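A quick write-up on the structure given underneath.
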Amino acid sequence: MKKSTIWIIAIVMGFSFLGLLYLQLSYIEEMVKMKKEQFDESVNRSLYQASRNLEMNETLRYLEKDVNETERRAIREDSIMVDGIGGTIKHSHQFAVASNDGTVYSSFQLKTFEMKPSQVPKAMILHKDKTSLADATKTMQEIVRQRYVYQKALLDEVVYNILYTASDKPLKERVNFRMLDHDIRNELQNNGINIPYHFTVSTTDGREVYRCPEYEEKGREYTYSQVLFRNDPQSKMGIVRIHFPEMNSYIFSSVRFMIPSIIFTVVLLITFLFTIVVIFRQKRYTEIKNDFINNMTHELKTPIASISLAAQMMNDDSVPKSEQMTKHLGTVIADESKRLRFLVEKVLQMSMFDKKSVVFKKKELDLNETVETIAQSFNLRVEHTGGKIYTEIEAVDSAIFVDEVHFQNAITNLMDNAVKYRKQDEPLDIYIRTWNDQGRLYLSIRDTGQGIKKENVKKIFDKFYRVHTGNKHDVKGFGLGLAYVKKVIDLHQGEIKCESEYGQGTQFTISLPVLDIEKMRD
């Protein structure tokens, strides 16, 4: 599949996942907003009803108190009169309601007449029976009307007392805080809210007169308030403030069912991105391996061709076989065989590292001596370019515990790269330095070669990777040298880093743990 096709699929799928995630988050945001609005409305409605209940309870208390007191002050006068001629008995009941200063609010008089049956003629009795029901009805209506007037007078006095005496009391005496708490809780439950709350009662100027015992500051960002006694003068009003410590949990519970879908969407998005990365990585590895196979075929083909040609000449009877010719052909076969074996061993070494089947035979070495030995072996090759190897041996604690063969091969690979990637027709200088710093041993190899571009520096330790040199194919290799070096250094608990400037040269710095000889002896 083409790289552009993979990118198109990745972009389309990526935007699809992001769009789905955005829609889910937007839906959750709208649900939270709606739940918050419903909650606000329910709380405000509950507080309003609780404040109404508070005012009604206060009115009821004053009503019961004032009615009892007024009835005790009510004036009642009863009188009975007998008409001697007709034998009629007149009952008179006089009621009046007055204040402490003697002001009469209301009064009425109830009169009843009673005649002795023995003194009433039969004709009159018959006539009276017909009219007694209507008279009785009128009498009862009058009694109810007068009783209404009487009770209204009582209510007028209650209202008068409430208006002119109740609001003069301090707020803490007017409010039954336990009853207010009970009303708020009941109203909240009636509106579907059953979570803990804390409340305070204060005056309009901010003086707090009550705070619930379990009050906490947590959750005060969600505070609701309601005016108490809203029809009183402003200075006599009160304010109840309520907040919910578990408000966030309550809101979150309404959208909790959406969390798994978001998690699954994020997991799918991450899995998709990981899959795309793996696809590109595998595609890059495939290209690198294809380059490696082509390069390896070309590298192996050269020594095989040389050996085949030498063997053909030795077997060709038409070619004179002098001792010098035979010796030369034998040398060619030996050198090419050695080169072929070296190439195969390189591939086998990396295969062993990948399978983790390599076994190190570690022993104590002196880094300073190892570096000087390797530098001497490269002197001729470097001097052949017109350059020189400079060594600065500054390490005091230079003992290391490494596998001699693999470690020397790693240093040799770095030196060999410095020679192979030199500037053409220019002298090559190599600077080797050892030193100690903060309990570790350092080795640096710096050359004045052609250098590496910045975008390639971070890839040079990848297996099979080779820096592109355009149409130039003068440097042979499989791209395994630096990967092998890094593996060896890592397996010896060391670190290696590369610093390079294109056109100026490259420096490799190796850090290794210092061998504690005294500890080894103990």
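We name chains A, B, ... following the order of the structure tokens; residues begin at 1 in each chain, and ligands are numbered from 1 as shown.
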
Would you kindly return, as a PyMOL selection string, each protein, DNA or RNA residue with an atom no farther than 9 Å from any atom of segment 169-171 of chain A, considering only C-alpha atoms and excluding same-chain residues fewer than 4 positions away? chain A and resi 165+175+202-203+209+236-238

Restricting it to N, CA and C atoms, dump the selection as a PDB file, in the first residue's frame.
ATOM      1  N   THR A 165     -45.525  44.769  65.920  1.00  0.00           N
ATOM      2  CA  THR A 165     -44.725  44.223  67.028  1.00  0.00           C
ATOM      3  C   THR A 165     -43.785  43.102  66.594  1.00  0.00           C
ATOM      4  N   VAL A 175     -37.037  33.493  64.109  1.00  0.00           N
ATOM      5  CA  VAL A 175     -36.821  32.302  63.284  1.00  0.00           C
ATOM      6  C   VAL A 175     -36.561  31.103  64.181  1.00  0.00           C
ATOM      7  N   SER A 202     -28.476  35.152  58.107  1.00  0.00           N
ATOM      8  CA  SER A 202     -27.828  36.419  58.428  1.00  0.00           C
ATOM      9  C   SER A 202     -28.777  37.560  58.139  1.00  0.00           C
ATOM     10  N   THR A 203     -28.429  38.737  58.654  1.00  0.00           N
ATOM     11  CA  THR A 203     -29.209  39.940  58.385  1.00  0.00           C
ATOM     12  C   THR A 203     -28.812  40.510  57.028  1.00  0.00           C
ATOM     13  N   VAL A 209     -26.399  35.313  62.096  1.00  0.00           N
ATOM     14  CA  VAL A 209     -27.098  35.040  63.350  1.00  0.00           C
ATOM     15  C   VAL A 209     -27.215  33.547  63.626  1.00  0.00           C
ATOM     16  N   LYS A 236     -35.171  44.857  58.630  1.00  0.00           N
ATOM     17  CA  LYS A 236     -35.709  43.773  59.451  1.00  0.00           C
ATOM     18  C   LYS A 236     -35.715  42.430  58.724  1.00  0.00           C
ATOM     19  N   MET A 237     -35.370  42.435  57.446  1.00  0.00           N
ATOM     20  CA  MET A 237     -35.364  41.192  56.681  1.00  0.00           C
ATOM     21  C   MET A 237     -34.189  40.302  57.087  1.00  0.00           C
ATOM     22  N   GLY A 238     -34.285  39.045  56.724  1.00  0.00           N
ATOM     23  CA  GLY A 238     -33.201  38.099  56.918  1.00  0.00           C
ATOM     24  C   GLY A 238     -32.867  37.419  55.608  1.00  0.00           C
TER      25      GLY A 238
END

Exercise: Leu414 of chain A partners within 9 Å, only C-alpha atoms, chain neighbours under 6 positions left out, as a PDB file with N, CA, C and O atoms, in the first residue's frame:
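The new file selection.pdb reads:
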ATOM      1  N   ILE A 445      35.765   9.740  20.995  1.00  0.00           N
ATOM      2  CA  ILE A 445      36.485   9.579  19.732  1.00  0.00           C
ATOM      3  C   ILE A 445      35.937  10.633  18.778  1.00  0.00           C
ATOM      4  O   ILE A 445      34.775  10.563  18.368  1.00  0.00           O
ATOM      5  N   GLY A 481      26.951  -1.682  11.997  1.00  0.00           N
ATOM      6  CA  GLY A 481      28.095  -1.365  12.851  1.00  0.00           C
ATOM      7  C   GLY A 481      27.722  -0.595  14.098  1.00  0.00           C
ATOM      8  O   GLY A 481      28.013  -1.020  15.226  1.00  0.00           O
ATOM      9  N   LEU A 482      27.044   0.556  13.945  1.00  0.00           N
ATOM     10  CA  LEU A 482      26.709   1.389  15.103  1.00  0.00           C
ATOM     11  C   LEU A 482      25.618   0.746  15.953  1.00  0.00           C
ATOM     12  O   LEU A 482      25.582   0.944  17.172  1.00  0.00           O
ATOM     13  N   VAL A 485      27.534  -1.508  18.118  1.00  0.00           N
ATOM     14  CA  VAL A 485      28.257  -0.755  19.147  1.00  0.00           C
ATOM     15  C   VAL A 485      27.319  -0.380  20.297  1.00  0.00           C
ATOM     16  O   VAL A 485      27.648  -0.558  21.475  1.00  0.00           O
ATOM     17  N   PHE A 508      31.891  10.689  19.147  1.00  0.00           N
ATOM     18  CA  PHE A 508      31.168   9.696  19.931  1.00  0.00           C
ATOM     19  C   PHE A 508      31.733   9.698  21.346  1.00  0.00           C
ATOM     20  O   PHE A 508      32.962   9.658  21.526  1.00  0.00           O
TER      21      PHE A 508
END

Using only C-alpha atoms, can you tell me which of A:Gln234, A:Ser254, A:Gln226, A:Glu173 comes closest to Glu29 of chain A? A:Ser254

Write out as a count of residues only the set of residues from segment 253-455 of chain A that DSSP, computed on the backbone, places in strand (DSSP E or B). 33

Would you list, as a ChimeraX atom specification, the residues of segment 314-417 of chain A that end up in helix (DSSP H, G or I) under DSSP run on this structure's backbone? /A:314-315,323-355,367-377,379-384,404-417

Atom CA of Asn190 of chain A to atom CA of Arg52 of chain A: how many Å, to one decimal? 15.4 Å

Skipping near chain neighbours, those fewer than 5 positions away, what residues fall within 7 Å of Glu336 of chain A using only C-alpha atoms, listed as a count of residues only? 3

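Each of A:Leu515, A:Ile262, A:Ile279, A:Leu25 was compared to Lys2 of chain A using only C-alpha atoms, and A:Ile279 turns out to be the nearest.
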
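Among the candidate residues A:Gly386, A:Gly449, A:Pro196, A:Gly503, the one lying nearest to Met247 of chain A is A:Pro196, with distances computed using only C-alpha atoms.
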
Atom CA of His406 of chain A to atom CA of His492 of chain A: how many Å, to one decimal? 10.3 Å

7 Å contact set for Val402 of chain A, only C-alpha atoms, chain neighbours under 4 positions out, as a VMD selection string: chain A and resid 362 to 364 407 492
